[in-house]
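Peer 1: My structure is stored as structure_18.cif, with mmCIF, C-alpha atoms.
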data_upload
#
loop_
_atom_site.label_atom_id
_atom_site.label_comp_id
_atom_site.auth_asym_id
_atom_site.auth_seq_id
_atom_site.Cartn_x
_atom_site.Cartn_y
_atom_site.Cartn_z
CA MET A 55 -17.53 6.09 65.24
CA ARG A 56 -17.14 9.03 62.95
CA PRO A 57 -19.53 8.83 60.00
CA GLU A 58 -18.18 8.87 56.48
CA ARG A 59 -18.13 12.32 54.97
CA ALA A 60 -18.99 13.16 51.40
CA MET A 61 -17.00 15.91 49.74
CA ALA A 62 -18.99 17.89 47.22
CA THR A 63 -15.76 19.06 45.58
CA PRO A 64 -12.30 17.91 46.54
CA ASP A 65 -10.59 20.82 48.26
CA PRO A 66 -8.05 19.39 50.66
CA GLU A 67 -6.45 22.76 51.37
CA ASN A 68 -9.60 24.09 52.91
CA ARG A 69 -11.00 21.03 54.59
CA HIS A 70 -9.73 22.10 57.97
CA LEU A 71 -12.20 24.99 58.10
CA ASP A 72 -15.14 22.69 57.82
CA GLN A 73 -13.74 19.99 60.03
CA HIS A 74 -13.45 22.52 62.78
CA ASP A 75 -17.07 23.39 62.29
CA HIS A 76 -17.84 19.83 63.30
CA GLY A 77 -16.35 20.66 66.63
CA GLN A 78 -13.90 17.81 66.53
CA ALA A 79 -10.74 19.85 66.78
CA LEU A 80 -10.02 19.27 70.44
CA PRO A 81 -12.45 16.62 71.66
CA SER A 82 -10.77 15.77 74.93
CA ASP A 83 -10.07 19.40 75.87
CA MET A 84 -13.60 20.47 75.05
CA THR A 85 -15.10 17.51 76.89
CA LEU A 86 -13.20 18.47 80.02
CA ARG A 87 -13.90 22.18 79.67
CA VAL A 88 -17.65 21.77 79.19
CA LYS A 89 -17.91 19.18 81.95
CA ALA A 90 -16.13 21.50 84.36
CA LEU A 91 -18.33 24.42 83.37
CA GLU A 92 -21.47 22.31 83.81
CA SER A 93 -20.34 21.18 87.26
CA LEU A 94 -19.68 24.78 88.27
CA LEU A 95 -23.08 25.99 87.05
CA VAL A 96 -24.92 23.10 88.69
CA GLU A 97 -23.07 23.59 91.96
CA LYS A 98 -23.91 27.31 91.99
CA GLY A 99 -27.56 26.51 91.31
CA LEU A 100 -27.49 28.33 87.98
CA VAL A 101 -28.71 25.37 85.93
CA ASP A 102 -30.75 22.27 86.69
CA PRO A 103 -29.16 19.06 85.33
CA ALA A 104 -32.64 17.72 84.58
CA ALA A 105 -33.27 20.75 82.37
CA LEU A 106 -30.04 20.10 80.49
CA ASP A 107 -31.06 16.50 79.89
CA ALA A 108 -34.52 17.57 78.73
CA ILE A 109 -33.08 20.11 76.27
CA VAL A 110 -30.70 17.55 74.76
CA GLU A 111 -33.50 14.98 74.56
CA THR A 112 -35.74 17.52 72.81
CA TYR A 113 -33.30 18.38 70.04
CA GLU A 114 -31.92 14.87 69.63
CA HIS A 115 -35.23 13.07 69.47
CA LYS A 116 -38.32 15.27 69.45
CA ILE A 117 -37.71 18.29 67.23
CA GLY A 118 -36.28 17.69 63.78
CA PRO A 119 -36.93 17.82 60.03
CA ARG A 120 -39.78 15.29 60.25
CA ASN A 121 -41.85 18.18 61.62
CA GLY A 122 -41.15 20.29 58.55
CA ALA A 123 -41.83 17.31 56.29
CA ARG A 124 -45.32 17.02 57.78
CA VAL A 125 -45.94 20.69 57.04
CA VAL A 126 -44.81 20.25 53.43
CA ALA A 127 -46.87 17.10 52.90
CA ARG A 128 -49.97 18.80 54.29
CA ALA A 129 -49.43 21.76 51.96
CA TRP A 130 -49.12 19.40 48.99
CA ILE A 131 -52.41 17.61 49.64
CA ASP A 132 -54.49 20.47 51.03
CA PRO A 133 -54.63 23.63 48.87
CA ALA A 134 -56.36 25.61 51.62
CA TYR A 135 -53.59 24.72 54.07
CA LYS A 136 -50.95 25.65 51.49
CA SER A 137 -52.60 29.00 51.02
CA ARG A 138 -52.61 29.61 54.79
CA LEU A 139 -48.96 28.49 54.99
CA LEU A 140 -47.86 30.97 52.34
CA ASP A 141 -49.99 33.70 53.88
CA ASN A 142 -49.10 33.23 57.57
CA ALA A 143 -46.59 30.44 58.06
CA THR A 144 -46.30 30.88 61.84
CA ALA A 145 -50.03 30.23 62.32
CA ALA A 146 -50.22 27.43 59.73
CA ILE A 147 -47.24 25.63 61.26
CA ALA A 148 -48.80 26.04 64.71
CA GLU A 149 -51.89 24.22 63.41
CA LEU A 150 -49.72 21.09 63.27
CA GLY A 151 -48.42 21.75 66.76
CA TYR A 152 -45.02 23.26 65.96
CA GLY A 153 -43.61 26.58 67.05
CA GLY A 154 -41.56 28.32 69.69
CA ARG A 155 -37.86 28.85 70.18
CA GLN A 156 -36.05 29.92 67.01
CA GLY A 157 -39.24 29.75 64.98
CA GLU A 158 -41.33 32.50 66.54
CA HIS A 159 -41.84 34.31 63.21
CA MET A 160 -41.96 31.99 60.21
CA ILE A 161 -42.23 32.57 56.48
CA ALA A 162 -42.69 29.81 53.90
CA VAL A 163 -41.38 30.35 50.36
CA GLU A 164 -42.57 28.20 47.50
CA ASN A 165 -40.39 26.59 44.86
CA THR A 166 -41.86 26.39 41.37
CA SER A 167 -40.52 25.51 37.94
CA ARG A 168 -39.54 29.20 37.56
CA VAL A 169 -38.35 30.17 41.04
CA HIS A 170 -36.00 28.33 43.38
CA ASN A 171 -35.56 29.44 47.00
CA MET A 172 -32.64 28.65 49.30
CA VAL A 173 -31.92 29.75 52.86
CA VAL A 174 -28.69 30.85 54.54
CA CYS A 175 -27.61 32.87 57.56
CA THR A 176 -24.44 34.70 56.59
CA LEU A 177 -23.97 36.38 60.00
CA CYS A 178 -24.42 33.33 62.25
CA SER A 179 -26.58 30.23 61.98
CA CYS A 180 -30.26 31.26 62.12
CA TYR A 181 -32.45 28.31 61.21
CA PRO A 182 -36.10 27.34 61.87
CA TRP A 183 -35.62 24.97 64.81
CA PRO A 184 -39.28 23.96 65.41
CA VAL A 185 -39.66 22.57 61.88
CA LEU A 186 -36.10 21.51 60.97
CA GLY A 187 -34.36 20.93 64.31
CA LEU A 188 -30.76 22.05 64.72
CA PRO A 189 -28.86 22.96 61.55
CA PRO A 190 -26.37 20.56 59.94
CA ALA A 191 -22.66 21.42 60.16
CA TRP A 192 -22.41 22.54 56.54
CA TYR A 193 -25.16 25.15 57.07
CA LYS A 194 -23.11 26.72 59.88
CA SER A 195 -19.81 26.44 57.99
CA ALA A 196 -17.82 29.36 56.60
CA PRO A 197 -17.91 28.02 53.02
CA TYR A 198 -21.72 27.85 52.86
CA ARG A 199 -22.30 31.13 54.71
CA SER A 200 -19.83 33.02 52.51
CA ARG A 201 -20.79 31.61 49.14
CA ALA A 202 -24.55 31.06 49.21
CA VAL A 203 -25.25 34.76 48.59
CA ILE A 204 -22.60 35.47 45.93
CA ASP A 205 -22.62 32.14 44.08
CA PRO A 206 -25.89 30.34 44.78
CA ARG A 207 -25.82 28.49 41.46
CA GLY A 208 -22.32 27.20 42.14
CA VAL A 209 -23.23 26.10 45.65
CA LEU A 210 -26.38 24.34 44.45
CA ALA A 211 -24.39 22.58 41.73
CA GLU A 212 -22.04 21.25 44.41
CA PHE A 213 -25.11 19.85 46.15
CA GLY A 214 -25.94 18.14 42.86
CA LEU A 215 -28.69 20.55 41.88
CA VAL A 216 -27.97 22.18 38.53
CA LEU A 217 -30.66 24.72 37.70
CA PRO A 218 -31.33 26.13 34.23
CA LEU A 219 -30.24 29.77 33.85
CA ASP A 220 -33.81 30.91 33.38
CA VAL A 221 -34.80 29.67 36.83
CA GLU A 222 -34.67 32.59 39.22
CA ILE A 223 -32.82 31.86 42.45
CA ARG A 224 -33.95 33.64 45.59
CA VAL A 225 -31.52 33.46 48.49
CA TRP A 226 -33.01 34.23 51.90
CA ASP A 227 -30.33 35.54 54.26
CA SER A 228 -31.83 35.29 57.76
CA THR A 229 -30.76 38.56 59.35
CA ALA A 230 -33.65 39.05 61.79
CA GLU A 231 -35.75 36.72 63.92
CA ILE A 232 -37.73 35.79 60.82
CA ARG A 233 -37.09 32.16 59.91
CA TYR A 234 -37.60 30.66 56.47
CA LEU A 235 -38.95 27.29 55.37
CA VAL A 236 -38.76 26.31 51.71
CA LEU A 237 -41.85 24.58 50.34
CA PRO A 238 -40.33 22.29 47.71
CA GLU A 239 -42.06 21.15 44.53
CA ARG A 240 -44.09 17.97 44.81
CA PRO A 241 -42.42 15.33 42.65
CA ASN A 242 -44.21 13.63 39.77
CA GLY A 243 -45.53 10.15 40.32
CA THR A 244 -46.89 10.86 43.80
CA GLU A 245 -50.51 11.50 42.86
CA ALA A 246 -51.71 8.41 44.74
CA PHE A 247 -49.51 8.98 47.80
CA SER A 248 -50.96 9.46 51.26
CA GLU A 249 -49.91 12.42 53.39
CA GLY A 250 -47.65 10.14 55.43
CA GLN A 251 -46.02 8.67 52.34
CA LEU A 252 -45.41 12.17 50.99
CA ALA A 253 -43.85 13.31 54.26
CA ASP A 254 -41.44 10.37 54.06
CA LEU A 255 -40.13 11.71 50.74
CA VAL A 256 -39.35 15.20 52.01
CA SER A 257 -35.70 15.67 52.94
CA ARG A 258 -34.26 18.28 55.27
CA ASP A 259 -32.12 19.66 52.44
CA SER A 260 -35.16 20.23 50.23
CA MET A 261 -36.66 22.44 52.96
CA ILE A 262 -33.43 24.49 53.19
CA GLY A 263 -33.56 24.72 49.40
CA VAL A 264 -30.33 22.98 48.44
CA ALA A 265 -32.07 19.93 46.97
CA ARG A 266 -35.24 18.91 45.22
CA VAL A 267 -37.54 16.27 46.59
CA ALA A 268 -36.59 13.16 44.65
CA ALA A 269 -39.31 11.34 42.76
CA PRO A 270 -40.14 7.99 44.33
CA GLU A 271 -38.46 4.86 43.03
CA PRO A 272 -40.73 2.93 40.66
CA PRO A 273 -42.03 -0.22 42.36
CA MET B 85 -19.00 45.41 63.87
CA ASN B 86 -16.98 44.63 60.79
CA GLY B 87 -15.90 41.21 62.09
CA VAL B 88 -15.07 37.99 60.30
CA HIS B 89 -18.51 36.68 61.24
CA ASP B 90 -19.89 39.02 58.53
CA ILE B 91 -18.82 36.53 55.94
CA GLY B 92 -21.43 36.80 53.15
CA GLY B 93 -19.81 37.24 49.74
CA MET B 94 -16.28 36.27 50.73
CA HIS B 95 -14.15 34.01 48.56
CA GLY B 96 -11.48 31.53 49.50
CA LEU B 97 -13.15 29.75 52.40
CA GLY B 98 -13.35 26.43 50.60
CA ALA B 99 -15.97 24.12 49.22
CA VAL B 100 -19.12 23.18 51.09
CA THR B 101 -18.58 19.73 52.57
CA ARG B 102 -21.40 17.52 53.69
CA GLU B 103 -21.61 14.50 55.89
CA VAL B 104 -23.79 11.52 55.14
CA ASN B 105 -26.17 10.66 57.99
CA GLU B 106 -24.86 13.46 60.15
CA PRO B 107 -25.80 13.07 63.82
CA VAL B 108 -27.47 15.99 65.64
CA PHE B 109 -24.38 16.26 67.86
CA HIS B 110 -20.94 14.90 66.99
CA GLU B 111 -19.76 14.75 70.57
CA GLN B 112 -21.62 14.67 73.85
CA TRP B 113 -20.05 17.96 74.94
CA GLU B 114 -21.70 19.70 71.98
CA ALA B 115 -25.11 18.66 73.28
CA ARG B 116 -24.21 19.92 76.76
CA ALA B 117 -22.91 23.19 75.27
CA LEU B 118 -26.26 23.81 73.60
CA ALA B 119 -28.19 22.87 76.74
CA LEU B 120 -26.00 24.98 79.05
CA THR B 121 -26.43 28.00 76.78
CA LEU B 122 -30.23 27.70 76.73
CA ALA B 123 -30.52 26.90 80.44
CA ALA B 124 -28.23 29.72 81.56
CA GLY B 125 -30.01 32.07 79.13
CA ALA B 126 -33.22 31.42 81.08
CA TRP B 127 -31.92 33.78 83.78
CA GLY B 128 -32.78 36.57 81.36
CA ARG B 129 -29.51 38.37 82.07
CA TRP B 130 -28.70 38.69 78.38
CA THR B 131 -30.59 38.79 75.09
CA ILE B 132 -30.18 36.64 71.99
CA ASP B 133 -28.51 39.65 70.38
CA ALA B 134 -26.02 39.90 73.24
CA SER B 135 -25.18 36.23 72.89
CA ARG B 136 -24.61 36.64 69.15
CA HIS B 137 -22.40 39.62 69.85
CA ALA B 138 -20.39 37.70 72.45
CA ARG B 139 -19.49 35.19 69.71
CA GLU B 140 -18.70 37.95 67.23
CA LEU B 141 -16.19 39.37 69.71
CA ILE B 142 -14.07 36.25 69.45
CA PRO B 143 -10.92 37.44 67.64
CA GLY B 144 -11.13 36.77 63.89
CA THR B 145 -8.21 34.37 63.74
CA GLU B 146 -9.77 32.30 66.51
CA TYR B 147 -13.30 32.56 65.15
CA LEU B 148 -12.40 30.84 61.89
CA ARG B 149 -10.41 28.14 63.65
CA MET B 150 -12.96 27.26 66.33
CA GLY B 151 -15.74 24.70 66.07
CA TYR B 152 -19.33 25.85 66.21
CA TYR B 153 -20.17 24.84 69.77
CA GLU B 154 -16.68 25.87 70.86
CA LYS B 155 -17.78 29.39 69.95
CA TRP B 156 -20.99 28.91 71.92
CA ILE B 157 -19.04 27.92 75.02
CA ALA B 158 -16.64 30.85 74.63
CA GLY B 159 -19.60 33.20 74.26
CA LEU B 160 -21.38 31.68 77.25
CA GLU B 161 -18.28 32.04 79.46
CA THR B 162 -17.99 35.70 78.45
CA LEU B 163 -21.65 36.41 79.25
CA LEU B 164 -21.64 34.55 82.58
CA VAL B 165 -18.75 36.68 83.82
CA GLN B 166 -20.00 39.91 82.23
CA THR B 167 -23.38 39.62 83.94
CA GLY B 168 -21.92 38.49 87.27
CA LEU B 169 -23.66 35.11 87.36
CA VAL B 170 -20.17 33.64 87.66
CA THR B 171 -17.23 35.53 89.10
CA ARG B 172 -13.98 35.86 87.20
CA SER B 173 -12.15 33.80 89.81
CA GLU B 174 -14.78 31.05 89.57
CA MET B 175 -14.44 30.98 85.78
CA GLU B 176 -10.67 30.74 86.07
CA SER B 177 -10.62 28.06 88.76
CA LEU B 178 -13.90 26.39 87.71
CA CYS B 179 -14.61 26.08 91.42
CA VAL B 180 -17.34 27.84 93.41
CA ASP B 181 -16.22 30.80 95.54
CA VAL B 182 -16.81 29.73 99.12
CA GLU B 183 -18.97 32.69 100.09
CA THR B 184 -21.47 32.29 97.20
CA PRO B 185 -24.93 31.11 98.29
CA LYS B 186 -26.54 28.41 96.14
CA LEU B 187 -29.23 29.74 93.79
CA THR B 188 -32.40 28.20 92.38
CA PRO B 189 -32.31 27.70 88.60
CA PRO B 190 -35.15 29.43 86.71
CA LEU B 191 -35.41 26.63 84.16
CA THR B 192 -36.21 23.26 85.69
CA GLY B 193 -36.52 19.99 83.81
CA ASP B 194 -40.31 19.95 83.96
CA ARG B 195 -40.56 23.42 82.39
CA VAL B 196 -38.29 22.83 79.37
CA ASP B 197 -41.06 21.77 76.96
CA SER B 198 -43.29 24.74 77.76
CA VAL B 199 -40.44 27.29 77.70
CA LEU B 200 -39.15 26.07 74.34
CA ALA B 201 -42.68 25.94 72.92
CA LEU B 202 -43.31 29.51 74.03
CA GLY B 203 -40.16 30.91 72.43
CA ARG B 204 -39.22 34.56 72.54
CA ALA B 205 -41.19 36.57 70.04
CA THR B 206 -39.50 39.79 68.90
CA GLU B 207 -42.48 41.56 67.34
CA ARG B 208 -43.64 44.64 69.25
CA THR B 209 -46.34 47.26 68.87
CA ILE B 210 -45.05 50.77 68.28
CA SER B 211 -46.76 54.05 67.50
CA ALA B 212 -44.34 55.21 64.78
CA MET B 213 -45.50 54.65 61.22
CA PRO B 214 -43.31 52.61 58.86
CA ARG B 215 -41.00 54.87 56.83
CA PHE B 216 -41.16 52.67 53.76
CA SER B 217 -43.85 50.81 51.91
CA ARG B 218 -43.94 47.79 49.68
CA GLY B 219 -42.49 48.39 46.22
CA GLU B 220 -40.39 51.34 47.34
CA MET B 221 -36.73 51.55 46.32
CA VAL B 222 -34.31 51.84 49.23
CA ARG B 223 -30.59 51.70 49.84
CA GLY B 224 -28.66 49.98 52.61
CA ARG B 225 -26.98 52.77 54.56
CA ASN B 226 -23.22 52.99 54.73
CA LEU B 227 -23.03 52.22 58.44
CA ASN B 228 -19.98 50.77 60.14
CA PRO B 229 -20.88 50.52 63.83
CA ALA B 230 -18.26 49.06 66.15
CA GLY B 231 -21.01 47.21 68.03
CA HIS B 232 -23.56 44.60 67.00
CA THR B 233 -25.56 45.01 63.82
CA ARG B 234 -27.58 42.77 61.50
CA LEU B 235 -26.86 44.85 58.40
CA PRO B 236 -24.32 42.76 56.49
CA ARG B 237 -21.48 44.63 54.81
CA TYR B 238 -22.45 43.34 51.40
CA ALA B 239 -25.76 45.23 51.51
CA ARG B 240 -24.33 48.60 52.58
CA GLY B 241 -24.62 51.19 49.86
CA ARG B 242 -26.62 48.77 47.71
CA ARG B 243 -30.01 49.41 46.23
CA GLY B 244 -32.98 47.14 46.85
CA VAL B 245 -36.74 47.12 46.88
CA ILE B 246 -39.10 46.62 49.84
CA THR B 247 -41.06 43.42 49.30
CA ARG B 248 -42.77 43.03 52.69
CA HIS B 249 -43.31 44.76 56.01
CA HIS B 250 -42.83 42.46 59.00
CA GLY B 251 -44.19 44.86 61.62
CA ALA B 252 -41.97 46.32 64.33
CA HIS B 253 -39.31 44.13 65.93
CA VAL B 254 -36.71 44.47 68.68
CA PHE B 255 -33.68 46.35 67.31
CA PRO B 256 -30.55 44.18 67.70
CA ASP B 257 -28.09 47.09 67.58
CA THR B 258 -29.32 48.41 70.93
CA ASN B 259 -30.66 45.17 72.42
CA ALA B 260 -27.25 43.48 72.14
CA HIS B 261 -25.70 46.17 74.32
CA ALA B 262 -28.37 46.31 77.06
CA LEU B 263 -29.53 49.65 75.65
CA GLY B 264 -33.14 48.54 75.37
CA GLU B 265 -35.32 46.86 72.78
CA CYS B 266 -36.01 50.10 70.87
CA PRO B 267 -38.32 48.28 68.41
CA GLN B 268 -38.38 49.55 64.83
CA HIS B 269 -40.18 48.59 61.67
CA LEU B 270 -38.61 45.63 59.91
CA TYR B 271 -38.79 45.09 56.17
CA GLN B 272 -37.99 42.33 53.75
CA VAL B 273 -35.76 43.84 51.08
CA ARG B 274 -34.92 42.27 47.73
CA PHE B 275 -31.49 42.99 46.26
CA GLU B 276 -30.82 41.91 42.69
CA ALA B 277 -27.62 39.87 42.42
CA CYS B 278 -26.26 42.24 39.78
CA ASP B 279 -26.73 45.20 42.15
CA LEU B 280 -24.87 43.41 44.93
CA TRP B 281 -22.03 41.81 43.03
CA GLY B 282 -21.94 43.45 39.61
CA GLY B 283 -21.67 41.00 36.77
CA PRO B 284 -24.19 39.83 34.22
CA THR B 285 -27.81 40.82 34.68
CA ALA B 286 -28.80 37.71 32.70
CA ASP B 287 -28.27 35.53 35.80
CA ARG B 288 -31.59 36.02 37.45
CA SER B 289 -30.98 35.75 41.13
CA ALA B 290 -31.68 37.89 44.14
CA VAL B 291 -30.88 38.02 47.82
CA TYR B 292 -33.54 38.88 50.41
CA LEU B 293 -32.61 40.47 53.72
CA ASP B 294 -34.73 41.52 56.69
CA LEU B 295 -33.62 45.05 57.53
CA TRP B 296 -34.72 47.60 60.13
CA ASP B 297 -35.68 51.21 59.47
CA ASP B 298 -32.33 52.55 60.69
CA TYR B 299 -30.46 50.40 58.17
CA LEU B 300 -32.23 51.94 55.20
CA GLU B 301 -32.45 55.24 53.34
CA PRO B 302 -34.78 56.28 50.53
CA VAL B 303 -33.45 56.28 46.95
#
Any chance you could put this one into structure tokens?

Peer 2:
Amino acid sequence: MRPERAMATPDPENRHLDQHDHGQALPSDMTLRVKALESLLVEKGLVDPAALDAIVETYEHKIGPRNGARVVARAWIDPAYKSRLLDNATAAIAELGYGGRQGEHMIAVENTSRVHNMVVCTLCSCYPWPVLGLPPAWYKSAPYRSRAVIDPRGVLAEFGLVLPLDVEIRVWDSTAEIRYLVLPERPNGTEAFSEGQLADLVSRDSMIGVARVAAPEPP
Amino acid sequence: MNGVHDIGGMHGLGAVTREVNEPVFHEQWEARALALTLAAGAWGRWTIDASRHARELIPGTEYLRMGYYEKWIAGLETLLVQTGLVTRSEMESLCVDVETPKLTPPLTGDRVDSVLALGRATERTISAMPRFSRGEMVRGRNLNPAGHTRLPRYARGRRGVITRHHGAHVFPDTNAHALGECPQHLYQVRFEACDLWGGPTADRSAVYLDLWDDYLEPV
């Protein structure tokens, strides 16, 4: 079943652009086309079906934003780790066991009360796979890619994040194989939280920089 | 190339729409499209830059209409034929040519974890010294190559400041066209929003791009 979709701003005229980015334009045609291509490649010995299954399994279940959340939580509780993360993110992230494809060269950028960072790839869809998994559809969509660089405040407001004008916004457009992870601000009221509890608070969107980490609900 | 993929700063592409509880893949064929692309890429017949360029070559009217993984499949089909892994007649009929011997896939199921964890680093050691240093003012060159480039149009002719040196990395403009890695120094460059888009300087925001030596000129 197709999940319910939330519109940040009603814009029925342009919805088709984004819907197509969900890849749902021609489901039956694409299903047949990809199945036929897979059969051809398997029959020629170009791909191993077991490898295909393992790749899908990896990105559906093993690699996702929980990895990044662990990195963020560790940085929040361990100042030495945070310092290493900001100095050499690739090595610091590898300390927790993450790295590899589409995250070979990592940089972490820190949000503060004065500076807010957000990440985009205007030319394609570059994204730090080892810590965030595969990007959501909106990140790959024409509206986000086109507007994040020219109107970051407007885009953030559509995500529900209205920043004061004196907060500097830094937009990181991933043009090379350098991948960016936003280190969000630790919310108030989490002083007594364990590392695991902190990681549970960290959302994917906060690590792309289009959201803050919400303060925990009072008990 | 000045294609529609170079979308940063465009207007009129709609609002950013988000989906609540978005699945990693919306359809099973999307998962297979990702897996086929990675598994076929393991033959090493094309680079990541070549695969980006194959998607950029999709005609603009189609590019904006197509779903994300639809573009991946189109790009993969182009590369398979271009590199001779699949013949044109096989791609058209989606049946194996009778005289083709069966090959052994380079990526097997048991190797997926280690291959993904290894990744494909792009940093290289070169003897040339970096042309620019941190804090130096630079300008994006007014280049309009017909081939692949990672210098977005919106940064061409614009002034920025070097904020970091990433070392030398594979140069996409040659690597995409099988002309070699030709590694060059790569820099993080900060462009003030007012320098990119005009408008009020009171809105403190900036865009950071990772740009190679050949994309930049001294100011």

Peer 1: Which of these residues is nearest to Pro185 of chain B, using only C-alpha atoms: A:Met84, A:Leu100, A:Ser93, A:Ala202?

Peer 2: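 Among A:Met84, A:Leu100, A:Ser93, A:Ala202, it is A:Leu100 that comes nearest to Pro185 of chain B.
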
Peer 1: I need the output of the PyMOL selection byres ((chain A and resi 129) around 10) for this file as a VMD selection string; which residues are they?

Peer 2: chain A and resid 123 to 128 130 to 140 146 237 240 249

Peer 1: Record the distance separating atom CA of Gly96 of chain B and atom CA of Pro197 of chain A, expressed in Å with one decimal.

Peer 2: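 If I compute the distance from atom CA of Gly96 of chain B to atom CA of Pro197 of chain A, I get 8.1 Å.
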
Peer 1: I need the chain B residues near chain A as a PyMOL selection string; criterion: at most 6 Å, counting all atoms listed in the file.

Peer 2: chain B and resi 89-94+97-104+113+115+119+123+150-152+186-189+192-193+200-203+205+234+288-294

Peer 1: Measure the distance from atom CA of Glu220 of chain B to atom CA of His249 of chain B in Å and round it to one decimal.

Peer 2: 11.3 Å

Peer 1: Please give the centre and size of the box around segment 110-126 of chain A (axis-aligned, containing every atom listed in the file, 5 Å added per side), with values in Å to one decimal and written as AutoDock Vina command-line options.

Peer 2:
--center_x -38.3 --center_y 16.9 --center_z 64.1 --size_x 25.2 --size_y 17.6 --size_z 31.3

Peer 1: Considering all atoms listed in the file, state which residue in the set A:Ala143, A:Leu252, A:Val264, A:Met160 is at the smallest distance from Trp183 of chain A.

Peer 2: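 Of A:Ala143, A:Leu252, A:Val264, A:Met160, the one nearest Trp183 of chain A is A:Met160, counting all atoms listed in the file.
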
Peer 1: Where does the PyMOL selection byres ((chain B and resi 132-142) around 7) land in this file, that is, which residues does it pick, as a list in words?

Peer 2: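 On this input, the PyMOL selection byres ((chain B and resi 132-142) around 7) captures Gly87, His89, Trp130, Thr131, Pro143, Gly144, Glu146, Tyr147, Lys155, Trp156, Gly159, Thr162, His232, Pro256, Asn259, Ala260 and His261 of chain B.
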
Peer 1: Of the candidates B:His250, B:Arg243, B:Arg208, B:Arg195, which one gets nearest to Cys266 of chain B if we count all atoms listed in the file?

Peer 2: B:Arg208

Peer 1: Can you translate the PyMOL selection byres ((chain A and resi 236) around 8) into the concrete residues it hits in this file, as a list in words?

Peer 2: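 Taken on the displayed file, the PyMOL selection byres ((chain A and resi 236) around 8) yields the residues Ala162, Val163, Glu164, Asn165, Asn171, Met172, Val173, Tyr234, Leu235, Leu237, Pro238, Ser260, Met261, Ile262 and Gly263 of chain A.
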
Peer 1: Can I get the selected residues back with C-alpha atoms, as a PDB file, in the coordinates of the input?

Peer 2:
ATOM      1  CA  ALA A 162     -42.690  29.810  53.900  1.00  0.00           C
ATOM      2  CA  VAL A 163     -41.380  30.350  50.360  1.00  0.00           C
ATOM      3  CA  GLU A 164     -42.570  28.200  47.500  1.00  0.00           C
ATOM      4  CA  ASN A 165     -40.390  26.590  44.860  1.00  0.00           C
ATOM      5  CA  ASN A 171     -35.560  29.440  47.000  1.00  0.00           C
ATOM      6  CA  MET A 172     -32.640  28.650  49.300  1.00  0.00           C
ATOM      7  CA  VAL A 173     -31.920  29.750  52.860  1.00  0.00           C
ATOM      8  CA  TYR A 234     -37.600  30.660  56.470  1.00  0.00           C
ATOM      9  CA  LEU A 235     -38.950  27.290  55.370  1.00  0.00           C
ATOM     10  CA  LEU A 237     -41.850  24.580  50.340  1.00  0.00           C
ATOM     11  CA  PRO A 238     -40.330  22.290  47.710  1.00  0.00           C
ATOM     12  CA  SER A 260     -35.160  20.230  50.230  1.00  0.00           C
ATOM     13  CA  MET A 261     -36.660  22.440  52.960  1.00  0.00           C
ATOM     14  CA  ILE A 262     -33.430  24.490  53.190  1.00  0.00           C
ATOM     15  CA  GLY A 263     -33.560  24.720  49.400  1.00  0.00           C
TER      16      GLY A 263
END

Peer 1: When distances are computed from all atoms listed in the file, which of A:Ala148, A:Val267, A:Leu186, A:Ile117 shows the smallest separation from Glu239 of chain A?

Peer 2: A:Val267

Peer 1: Quick one: residues within 12 Å of Tyr271 of chain B, only C-alpha atoms counted, chain neighbours fewer than 2 positions away excluded, as an mmCIF file with C-alpha atoms, in the coordinates of the input?

Peer 2:
data_model
loop_
_atom_site.group_PDB
_atom_site.id
_atom_site.type_symbol
_atom_site.label_atom_id
_atom_site.label_comp_id
_atom_site.auth_asym_id
_atom_site.auth_seq_id
_atom_site.Cartn_x
_atom_site.Cartn_y
_atom_site.Cartn_z
ATOM 1 C CA THR A 229 -30.760 38.560 59.350
ATOM 2 C CA ALA A 230 -33.650 39.050 61.790
ATOM 3 C CA GLU A 231 -35.750 36.720 63.920
ATOM 4 C CA ILE A 232 -37.730 35.790 60.820
ATOM 5 C CA PRO B 214 -43.310 52.610 58.860
ATOM 6 C CA ARG B 215 -41.000 54.870 56.830
ATOM 7 C CA PHE B 216 -41.160 52.670 53.760
ATOM 8 C CA SER B 217 -43.850 50.810 51.910
ATOM 9 C CA ARG B 218 -43.940 47.790 49.680
ATOM 10 C CA GLY B 219 -42.490 48.390 46.220
ATOM 11 C CA GLU B 220 -40.390 51.340 47.340
ATOM 12 C CA MET B 221 -36.730 51.550 46.320
ATOM 13 C CA VAL B 222 -34.310 51.840 49.230
ATOM 14 C CA GLY B 224 -28.660 49.980 52.610
ATOM 15 C CA GLY B 244 -32.980 47.140 46.850
ATOM 16 C CA VAL B 245 -36.740 47.120 46.880
ATOM 17 C CA ILE B 246 -39.100 46.620 49.840
ATOM 18 C CA THR B 247 -41.060 43.420 49.300
ATOM 19 C CA ARG B 248 -42.770 43.030 52.690
ATOM 20 C CA HIS B 249 -43.310 44.760 56.010
ATOM 21 C CA HIS B 250 -42.830 42.460 59.000
ATOM 22 C CA GLY B 251 -44.190 44.860 61.620
ATOM 23 C CA ALA B 252 -41.970 46.320 64.330
ATOM 24 C CA HIS B 253 -39.310 44.130 65.930
ATOM 25 C CA GLN B 268 -38.380 49.550 64.830
ATOM 26 C CA HIS B 269 -40.180 48.590 61.670
ATOM 27 C CA VAL B 273 -35.760 43.840 51.080
ATOM 28 C CA ARG B 274 -34.920 42.270 47.730
ATOM 29 C CA TYR B 292 -33.540 38.880 50.410
ATOM 30 C CA LEU B 293 -32.610 40.470 53.720
ATOM 31 C CA ASP B 294 -34.730 41.520 56.690
ATOM 32 C CA LEU B 295 -33.620 45.050 57.530
ATOM 33 C CA TRP B 296 -34.720 47.600 60.130
ATOM 34 C CA ASP B 297 -35.680 51.210 59.470
ATOM 35 C CA ASP B 298 -32.330 52.550 60.690
ATOM 36 C CA TYR B 299 -30.460 50.400 58.170
ATOM 37 C CA LEU B 300 -32.230 51.940 55.200
#
